[in-house]
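Asks: For reference, this is structure_31.txt, and it has compact mmCIF, C-alpha atoms and all ligand atoms.
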# COMPACT_ATOMS: atom_id res chain seq x y z
CA MET A 1 127.27 98.45 31.07
CA HIS A 2 123.93 96.71 31.06
CA ASP A 3 123.68 96.89 27.33
CA ASP A 4 124.79 93.34 26.77
CA TYR A 5 121.26 92.11 26.97
CA VAL A 6 120.26 94.04 23.91
CA ASN A 7 119.22 91.63 21.22
CA GLY A 8 120.88 91.68 17.86
CA ASP A 9 117.85 93.12 16.14
CA ASP A 10 117.64 95.97 18.62
CA VAL A 11 121.03 97.39 17.89
CA VAL A 12 120.25 98.55 14.41
CA VAL A 13 118.89 102.04 14.81
CA PRO A 14 118.12 103.81 11.56
CA LYS A 15 120.11 106.98 11.12
CA LYS A 16 117.15 109.02 10.01
CA ARG A 17 114.62 109.69 12.71
CA ALA A 18 111.09 109.01 11.64
CA SER A 19 109.46 111.15 14.31
CA SER A 20 111.51 113.70 16.20
CA SER A 21 108.77 116.20 16.88
CA SER A 22 108.69 115.86 20.68
CA ALA A 23 112.14 114.41 21.23
CA LYS A 24 113.72 117.52 22.70
CA ASP A 25 110.75 118.88 24.57
CA ASP A 26 111.44 118.00 28.18
CA GLU A 27 115.11 117.40 28.59
CA LYS A 28 115.90 120.30 30.87
CA ASP A 29 113.84 119.48 33.95
CA ASP A 30 116.21 118.56 36.73
CA GLY A 31 114.72 116.51 39.50
CA ALA A 32 111.17 117.52 38.74
CA VAL A 33 110.04 114.05 37.84
CA ALA A 34 110.92 111.33 40.30
CA LEU A 35 109.04 108.41 38.87
CA LEU A 36 108.27 107.94 35.21
CA ASP A 37 106.27 104.91 34.25
CA GLY A 38 108.47 102.10 35.51
CA PHE A 39 111.57 104.19 35.93
CA GLN A 40 113.01 105.93 38.92
CA ARG A 41 115.07 109.03 38.58
CA PHE A 42 118.04 109.74 40.80
CA ARG A 43 119.77 113.09 40.99
CA PHE A 44 123.52 113.04 41.23
CA VAL A 45 123.35 113.72 44.98
CA GLU A 46 120.96 110.84 45.62
CA ASP A 47 121.99 107.28 46.32
CA CYS A 48 120.39 104.93 43.84
CA SER A 49 121.76 102.01 45.94
CA TYR A 50 122.69 100.00 42.85
CA GLU A 51 126.16 98.82 43.71
CA ALA A 52 127.30 98.27 40.16
CA CYS A 53 125.82 101.50 38.85
CA PRO A 54 128.36 103.61 36.96
CA TYR A 55 126.34 106.80 37.60
CA ARG A 56 125.88 106.46 41.36
CA PHE A 57 126.62 109.78 43.14
CA ASN A 58 127.95 110.93 39.84
CA LEU A 59 125.28 111.93 37.35
CA SER A 60 121.54 112.38 37.33
CA HIS A 61 120.22 109.15 35.93
CA PHE A 62 117.36 106.68 35.69
CA HIS A 63 116.87 103.11 36.76
CA CYS A 64 114.37 100.70 35.30
CA MET A 65 112.17 99.42 38.12
CA ARG A 66 110.85 96.32 36.40
CA ASN A 67 111.50 93.08 38.22
CA ASP A 68 115.17 92.32 38.22
CA CYS A 69 116.14 94.67 35.41
CA GLY A 70 117.73 97.72 37.10
CA TYR A 71 118.96 99.00 33.75
CA ALA A 72 120.71 102.37 34.26
CA PHE A 73 120.99 105.26 31.84
CA CYS A 74 121.34 109.05 31.84
CA ASP A 75 120.01 109.88 28.44
CA LYS A 76 116.28 110.30 28.62
CA ALA A 77 115.97 109.31 24.98
CA ARG A 78 116.78 105.76 26.02
CA LEU A 79 113.76 105.64 28.31
CA LYS A 80 111.29 105.11 25.51
CA GLN A 81 113.62 102.75 23.74
CA HIS A 82 114.03 100.69 26.87
CA THR A 83 110.28 100.62 27.55
CA GLU A 84 109.71 99.37 24.02
CA ARG A 85 112.23 96.65 24.60
CA HIS A 86 110.38 95.44 27.69
CA LYS A 87 107.11 95.50 25.81
CA ARG A 88 108.59 93.36 23.13
CA LEU A 89 110.12 90.94 25.60
CA ASP A 90 106.94 90.80 27.67
CA ASN A 91 105.09 89.87 24.54
CA VAL A 92 107.49 87.10 23.84
CA MET A 93 107.17 85.51 27.26
CA GLY A 94 104.16 83.39 27.93
CA ASP A 95 103.81 80.52 30.34
CA ASP A 96 106.11 78.40 28.22
CA PHE A 97 109.31 80.43 28.36
CA GLU A 98 111.38 81.99 31.08
CA GLN A 99 113.65 84.91 30.48
CA TYR A 100 116.84 85.37 32.45
CA ARG A 101 118.78 88.57 32.31
CA PRO A 102 122.52 88.73 32.84
CA LYS A 103 123.47 88.29 36.48
CA VAL A 104 120.22 86.48 37.21
CA ASP A 105 120.61 82.85 38.14
CA CYS A 106 118.55 80.56 35.93
CA GLN A 107 119.29 77.72 38.36
CA ARG A 108 120.21 75.28 35.64
CA PRO A 109 123.66 73.98 36.46
CA ASP A 110 124.56 73.05 32.91
CA CYS A 111 123.37 76.25 31.24
CA GLU A 112 126.18 77.91 29.32
CA HIS A 113 124.48 81.31 29.51
CA ALA A 114 123.83 81.32 33.24
CA ARG A 115 124.58 84.73 34.73
CA THR A 116 126.41 85.87 31.61
CA ALA A 117 123.88 86.69 28.90
CA ASN A 118 120.25 87.52 28.50
CA HIS A 119 118.65 84.24 27.55
CA PHE A 120 115.46 82.22 27.38
CA HIS A 121 114.58 78.76 28.62
CA CYS A 122 111.79 76.71 27.14
CA LEU A 123 109.73 75.16 29.92
CA LYS A 124 108.64 72.23 27.80
CA CYS A 125 112.05 70.99 26.70
CA PRO A 126 115.74 71.77 27.25
CA PHE A 127 115.80 74.39 24.50
CA ILE A 128 117.81 77.55 25.27
CA CYS A 129 118.32 80.62 23.13
CA THR A 130 119.64 84.14 23.50
CA ASP A 131 117.63 85.65 20.68
CA SER A 132 114.00 86.52 21.38
CA SER A 133 113.03 85.90 17.76
CA LYS A 134 113.98 82.26 18.20
CA VAL A 135 111.47 82.01 21.04
CA THR A 136 108.67 82.61 18.55
CA ALA A 137 110.07 80.02 16.15
CA HIS A 138 110.50 77.49 18.92
CA ARG A 139 106.97 78.10 20.15
CA LYS A 140 105.72 77.21 16.66
CA HIS A 141 107.75 74.04 16.82
CA HIS A 142 105.91 72.97 19.99
CA ALA A 143 102.55 74.00 18.56
CA ASN A 144 103.35 71.84 15.56
CA ILE A 145 104.21 68.83 17.72
CA GLU A 146 101.05 69.27 19.76
CA GLN A 147 98.98 69.53 16.61
CA ILE A 148 100.45 66.25 15.37
CA ARG A 149 99.87 64.64 18.75
CA ALA A 150 96.26 65.77 18.66
CA ASN A 151 96.01 63.97 15.33
CA GLY A 152 97.17 60.76 16.98
CA PHE A 153 100.69 60.78 15.62
CA GLU A 154 104.16 61.23 17.03
CA LYS A 155 106.73 63.22 15.10
CA PHE A 156 110.28 61.99 14.54
CA THR A 157 112.91 64.14 12.90
CA ALA A 158 115.98 62.96 11.02
CA ASN A 159 117.92 63.33 14.26
CA THR A 160 115.75 61.09 16.41
CA ALA A 161 115.40 57.33 16.38
CA CYS A 162 111.75 56.29 16.31
CA GLU A 163 112.47 52.83 17.74
CA GLN A 164 109.86 51.27 15.52
CA LYS A 165 111.03 47.92 14.28
CA ALA A 166 111.62 47.79 10.54
CA CYS A 167 111.00 51.49 10.02
CA GLY A 168 113.02 52.60 7.02
CA TYR A 169 112.79 56.28 7.95
CA SER A 170 114.33 56.17 11.41
CA GLU A 171 117.14 58.73 11.71
CA LYS A 172 116.83 59.43 7.98
CA GLN A 173 113.97 61.86 7.52
CA THR A 174 111.11 63.50 9.32
CA HIS A 175 108.20 61.11 9.65
CA TYR A 176 105.27 60.32 11.89
CA HIS A 177 104.07 57.20 13.63
CA CYS A 178 100.49 56.50 14.56
CA SER A 179 100.16 56.27 18.32
CA ASN A 180 96.77 54.58 18.24
CA GLY A 181 97.19 51.44 20.33
CA ASP A 182 100.08 49.46 18.89
CA CYS A 183 99.36 50.51 15.32
CA GLY A 184 102.63 52.38 14.69
CA ALA A 185 101.78 52.98 11.03
CA VAL A 186 104.08 55.45 9.35
CA ALA A 187 103.08 58.68 7.63
CA LEU A 188 105.20 61.24 5.83
CA SER A 189 102.72 64.07 5.49
CA ALA A 190 99.63 65.58 7.02
CA THR A 191 97.60 64.11 4.18
CA GLN A 192 98.84 60.62 4.95
CA MET A 193 98.10 61.12 8.64
CA HIS A 194 94.62 62.22 7.79
CA SER A 195 93.82 59.32 5.50
CA HIS A 196 95.28 56.91 8.04
CA ASN A 197 93.04 58.37 10.73
CA MET A 198 90.05 57.75 8.46
CA LYS A 199 90.88 54.06 8.57
CA HIS A 200 90.89 54.06 12.37
CA ALA A 201 87.64 55.98 12.43
CA SER A 202 85.87 53.51 10.14
CA SER A 203 87.09 50.34 11.81
ZN ZN B 301 122.29 104.23 39.73
ZN ZN B 302 114.27 97.43 32.21
ZN ZN B 303 120.14 79.48 31.71
ZN ZN B 304 110.86 73.63 23.83
ZN ZN B 305 109.97 55.44 12.18
ZN ZN B 306 97.18 53.85 13.12
With the file now loaded, output its structure as structure tokens.
Ligand SMILES: [Zn+2]
Ligand SMILES: [Zn+2]
Ligand SMILES: [Zn+2]
Ligand SMILES: [Zn+2]
Ligand SMILES: [Zn+2]
Ligand SMILES: [Zn+2]
Replies:
Amino acid sequence: MHDDYVNGDDVVVPKKRASSSSAKDDEKDDGAVALLDGFQRFRFVEDCSYEACPYRFNLSHFHCMRNDCGYAFCDKARLKQHTERHKRLDNVMGDDFEQYRPKVDCQRPDCEHARTANHFHCLKCPFICTDSSKVTAHRKHHANIEQIRANGFEKFTANTACEQKACGYSEKQTHYHCSNGDCGAVALSATQMHSHNMKHASS
């Protein structure tokens, strides 16, 4: 069903339950609670109006009411689990990433995950991933680039041509070029960038 947007790290549920004290407390109420913190409950006689819902007119079930989610489930135990998942995903998203759930159009014609998988688009570059943990890593990558830029250098990896004439590091290894005027001096480490900046500062 809608489970295909579960991330790899979510699937692993430890067999032993750490806290099961209140797990079975309120499973018997039928129809008493209509709306539970972001979820709507539908009794089997009620129309949830989700066309693709496997439980429609069939079983008492819940739907997640967040944005475009609509996640459907009958087992109340999944409610907490699903809320946690949103929390985690909400944390991941800032103003630099967009999350698209399956069936939601990301409006990028060349995206291989469009409408098929839960995925994330970086808003600063064409980076796409389906794993929320990669969002964090990629965010660090941009932070790193911005840090270097703030230091007056441009970063070039082994995969990118720096287009500096006579640079022996182009497309060979990660290096940095000074972007101060037409300086273009090369640095291989933060230390070298720093000492180079000292020269600019004193001239
Ligand atoms: Zn439904
Ligand atoms: Zn949801
Ligand atoms: Zn996409
Ligand atoms: Zn990016
Ligand atoms: Zn270079
Ligand atoms: Zn320089």
Asks: May I have a table of the residues of chain A lying at most 9 Å from ligand ZN 302 (chain B), giving each one's closest pair of atoms and their distance in Å to one decimal, counting only C-alpha atoms and all ligand atoms, ordered by chain and ascending residue number, as a Markdown table?
Replies:
| residue | atom | partner | partner_atom | distance |
| --- | --- | --- | --- | --- |
| A:Gly38 | CA | B:ZN302 | ZN | 8.1 |
| A:Phe39 | CA | B:ZN302 | ZN | 8.2 |
| A:His63 | CA | B:ZN302 | ZN | 7.7 |
| A:Cys64 | CA | B:ZN302 | ZN | 4.5 |
| A:Met65 | CA | B:ZN302 | ZN | 6.6 |
| A:Arg66 | CA | B:ZN302 | ZN | 5.5 |
| A:Asn67 | CA | B:ZN302 | ZN | 7.9 |
| A:Asp68 | CA | B:ZN302 | ZN | 7.9 |
| A:Cys69 | CA | B:ZN302 | ZN | 4.6 |
| A:Gly70 | CA | B:ZN302 | ZN | 6.0 |
| A:Tyr71 | CA | B:ZN302 | ZN | 5.2 |
| A:Ala72 | CA | B:ZN302 | ZN | 8.4 |
| A:His82 | CA | B:ZN302 | ZN | 6.3 |
| A:Thr83 | CA | B:ZN302 | ZN | 6.9 |
| A:Arg85 | CA | B:ZN302 | ZN | 7.9 |
| A:His86 | CA | B:ZN302 | ZN | 6.3 |
Asks: Quick one: pull the distance between atom CA of Glu112 of chain A and atom CA of Asp95 of chain A, Å, one decimal.
Replies: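 One can read the atom CA of Glu112 of chain A to atom CA of Asp95 of chain A distance as 22.5 Å.
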Asks: Can you build me a table of chain A residues sitting at most 6 Å from ligand ZN 305 (chain B), with the closest atom pair per residue and its distance in Å to one decimal, using all atoms listed in the file, sorted by chain and residue number, as CSV?
Replies:
residue,atom,partner,partner_atom,distance
A:Cys162,CA,B:ZN305,ZN,4.6
A:Gln164,CA,B:ZN305,ZN,5.3
A:Cys167,CA,B:ZN305,ZN,4.6
A:Tyr169,CA,B:ZN305,ZN,5.2
A:Ser170,CA,B:ZN305,ZN,4.5
Asks: Atom CA of Lys134 of chain A and atom CA of Gln99 of chain A, how far apart in Å?
Replies: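 Atom CA of Lys134 of chain A lies 12.6 Å from atom CA of Gln99 of chain A.
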Asks: Please, which residues have at least one atom within 9 Å of an atom of ligand ZN 306 (chain B), using only C-alpha atoms and all ligand atoms, listed as a ChimeraX atom specification?
Replies: /A:152-153,177-186,193,196-197,199-200
Asks: Could I get the residue neighbourhood of ligand ZN 303 (chain B) at 7 Å, counting all atoms listed in the file, as a PyMOL selection string?
Replies: chain A and resi 100+106-108+111-114+119-121
Asks: For a test of reading the model, state the distance in Å between atom CA of His142 of chain A and atom CA of Arg88 of chain A, rounded to one decimal.
Replies: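 Distance reported for this atom pair: 20.8 Å.
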Asks: Since the input has fewer atoms than a full residue there, write segment 45-68 of chain A out with N, CA, C and O atoms, as a PDB file, keeping the file's coordinate frame.
Replies:
ATOM      1  N   VAL A  45     123.072 113.734  43.534  1.00  0.00           N
ATOM      2  CA  VAL A  45     123.350 113.720  44.980  1.00  0.00           C
ATOM      3  C   VAL A  45     122.628 112.568  45.685  1.00  0.00           C
ATOM      4  O   VAL A  45     122.894 112.293  46.845  1.00  0.00           O
ATOM      5  N   GLU A  46     121.733 111.909  44.992  1.00  0.00           N
ATOM      6  CA  GLU A  46     120.960 110.840  45.620  1.00  0.00           C
ATOM      7  C   GLU A  46     121.611 109.470  45.411  1.00  0.00           C
ATOM      8  O   GLU A  46     122.213 109.220  44.375  1.00  0.00           O
ATOM      9  N   ASP A  47     121.427 108.621  46.412  1.00  0.00           N
ATOM     10  CA  ASP A  47     121.990 107.280  46.320  1.00  0.00           C
ATOM     11  C   ASP A  47     120.978 106.347  45.673  1.00  0.00           C
ATOM     12  O   ASP A  47     119.910 106.093  46.207  1.00  0.00           O
ATOM     13  N   CYS A  48     121.316 105.836  44.515  1.00  0.00           N
ATOM     14  CA  CYS A  48     120.390 104.930  43.840  1.00  0.00           C
ATOM     15  C   CYS A  48     120.466 103.539  44.451  1.00  0.00           C
ATOM     16  O   CYS A  48     119.632 102.694  44.185  1.00  0.00           O
ATOM     17  N   SER A  49     121.519 103.278  45.239  1.00  0.00           N
ATOM     18  CA  SER A  49     121.760 102.010  45.940  1.00  0.00           C
ATOM     19  C   SER A  49     121.956 100.806  45.009  1.00  0.00           C
ATOM     20  O   SER A  49     121.831  99.673  45.434  1.00  0.00           O
ATOM     21  N   TYR A  50     122.255 101.086  43.747  1.00  0.00           N
ATOM     22  CA  TYR A  50     122.690 100.000  42.850  1.00  0.00           C
ATOM     23  C   TYR A  50     124.202  99.939  42.912  1.00  0.00           C
ATOM     24  O   TYR A  50     124.879 100.855  42.433  1.00  0.00           O
ATOM     25  N   GLU A  51     124.722  98.886  43.477  1.00  0.00           N
ATOM     26  CA  GLU A  51     126.160  98.820  43.710  1.00  0.00           C
ATOM     27  C   GLU A  51     126.978  98.925  42.433  1.00  0.00           C
ATOM     28  O   GLU A  51     128.037  99.560  42.412  1.00  0.00           O
ATOM     29  N   ALA A  52     126.509  98.301  41.395  1.00  0.00           N
ATOM     30  CA  ALA A  52     127.300  98.270  40.160  1.00  0.00           C
ATOM     31  C   ALA A  52     127.016  99.451  39.239  1.00  0.00           C
ATOM     32  O   ALA A  52     127.495  99.493  38.120  1.00  0.00           O
ATOM     33  N   CYS A  53     126.235 100.400  39.718  1.00  0.00           N
ATOM     34  CA  CYS A  53     125.820 101.500  38.850  1.00  0.00           C
ATOM     35  C   CYS A  53     126.966 102.472  38.579  1.00  0.00           C
ATOM     36  O   CYS A  53     127.590 102.992  39.504  1.00  0.00           O
ATOM     37  N   PRO A  54     127.253 102.710  37.301  1.00  0.00           N
ATOM     38  CA  PRO A  54     128.360 103.610  36.960  1.00  0.00           C
ATOM     39  C   PRO A  54     128.031 105.087  37.234  1.00  0.00           C
ATOM     40  O   PRO A  54     128.930 105.930  37.239  1.00  0.00           O
ATOM     41  N   TYR A  55     126.748 105.402  37.436  1.00  0.00           N
ATOM     42  CA  TYR A  55     126.340 106.800  37.600  1.00  0.00           C
ATOM     43  C   TYR A  55     126.085 107.193  39.052  1.00  0.00           C
ATOM     44  O   TYR A  55     125.745 108.323  39.346  1.00  0.00           O
ATOM     45  N   ARG A  56     126.207 106.227  39.954  1.00  0.00           N
ATOM     46  CA  ARG A  56     125.880 106.460  41.360  1.00  0.00           C
ATOM     47  C   ARG A  56     126.692 107.634  41.929  1.00  0.00           C
ATOM     48  O   ARG A  56     127.913 107.672  41.802  1.00  0.00           O
ATOM     49  N   PHE A  57     126.002 108.571  42.560  1.00  0.00           N
ATOM     50  CA  PHE A  57     126.620 109.780  43.140  1.00  0.00           C
ATOM     51  C   PHE A  57     127.439 110.552  42.122  1.00  0.00           C
ATOM     52  O   PHE A  57     128.420 111.209  42.438  1.00  0.00           O
ATOM     53  N   ASN A  58     127.067 110.441  40.886  1.00  0.00           N
ATOM     54  CA  ASN A  58     127.950 110.930  39.840  1.00  0.00           C
ATOM     55  C   ASN A  58     127.160 111.799  38.858  1.00  0.00           C
ATOM     56  O   ASN A  58     127.475 112.966  38.654  1.00  0.00           O
ATOM     57  N   LEU A  59     126.099 111.217  38.306  1.00  0.00           N
ATOM     58  CA  LEU A  59     125.280 111.930  37.350  1.00  0.00           C
ATOM     59  C   LEU A  59     123.809 111.699  37.673  1.00  0.00           C
ATOM     60  O   LEU A  59     123.468 110.680  38.256  1.00  0.00           O
ATOM     61  N   SER A  60     122.966 112.646  37.278  1.00  0.00           N
ATOM     62  CA  SER A  60     121.540 112.380  37.330  1.00  0.00           C
ATOM     63  C   SER A  60     121.242 111.258  36.360  1.00  0.00           C
ATOM     64  O   SER A  60     121.719 111.284  35.231  1.00  0.00           O
ATOM     65  N   HIS A  61     120.479 110.269  36.817  1.00  0.00           N
ATOM     66  CA  HIS A  61     120.220 109.150  35.930  1.00  0.00           C
ATOM     67  C   HIS A  61     118.922 108.427  36.283  1.00  0.00           C
ATOM     68  O   HIS A  61     118.276 108.753  37.276  1.00  0.00           O
ATOM     69  N   PHE A  62     118.581 107.459  35.502  1.00  0.00           N
ATOM     70  CA  PHE A  62     117.360 106.680  35.690  1.00  0.00           C
ATOM     71  C   PHE A  62     117.692 105.211  35.911  1.00  0.00           C
ATOM     72  O   PHE A  62     118.693 104.711  35.407  1.00  0.00           O
ATOM     73  N   HIS A  63     116.793 104.569  36.668  1.00  0.00           N
ATOM     74  CA  HIS A  63     116.870 103.110  36.760  1.00  0.00           C
ATOM     75  C   HIS A  63     115.529 102.514  36.389  1.00  0.00           C
ATOM     76  O   HIS A  63     114.483 103.028  36.796  1.00  0.00           O
ATOM     77  N   CYS A  64     115.591 101.433  35.616  1.00  0.00           N
ATOM     78  CA  CYS A  64     114.370 100.700  35.300  1.00  0.00           C
ATOM     79  C   CYS A  64     113.947  99.921  36.543  1.00  0.00           C
ATOM     80  O   CYS A  64     114.758  99.253  37.175  1.00  0.00           O
ATOM     81  N   MET A  65     112.663 100.026  36.888  1.00  0.00           N
ATOM     82  CA  MET A  65     112.170  99.420  38.120  1.00  0.00           C
ATOM     83  C   MET A  65     111.513  98.055  37.894  1.00  0.00           C
ATOM     84  O   MET A  65     110.952  97.466  38.788  1.00  0.00           O
ATOM     85  N   ARG A  66     111.521  97.581  36.672  1.00  0.00           N
ATOM     86  CA  ARG A  66     110.850  96.320  36.400  1.00  0.00           C
ATOM     87  C   ARG A  66     111.629  95.143  36.963  1.00  0.00           C
ATOM     88  O   ARG A  66     112.802  94.990  36.677  1.00  0.00           O
ATOM     89  N   ASN A  67     110.952  94.337  37.678  1.00  0.00           N
ATOM     90  CA  ASN A  67     111.500  93.080  38.220  1.00  0.00           C
ATOM     91  C   ASN A  67     112.962  93.191  38.605  1.00  0.00           C
ATOM     92  O   ASN A  67     113.377  93.960  39.424  1.00  0.00           O
ATOM     93  N   ASP A  68     113.761  92.436  37.912  1.00  0.00           N
ATOM     94  CA  ASP A  68     115.170  92.320  38.220  1.00  0.00           C
ATOM     95  C   ASP A  68     116.038  93.146  37.281  1.00  0.00           C
ATOM     96  O   ASP A  68     117.222  93.009  37.236  1.00  0.00           O
TER      97      ASP A  68
END
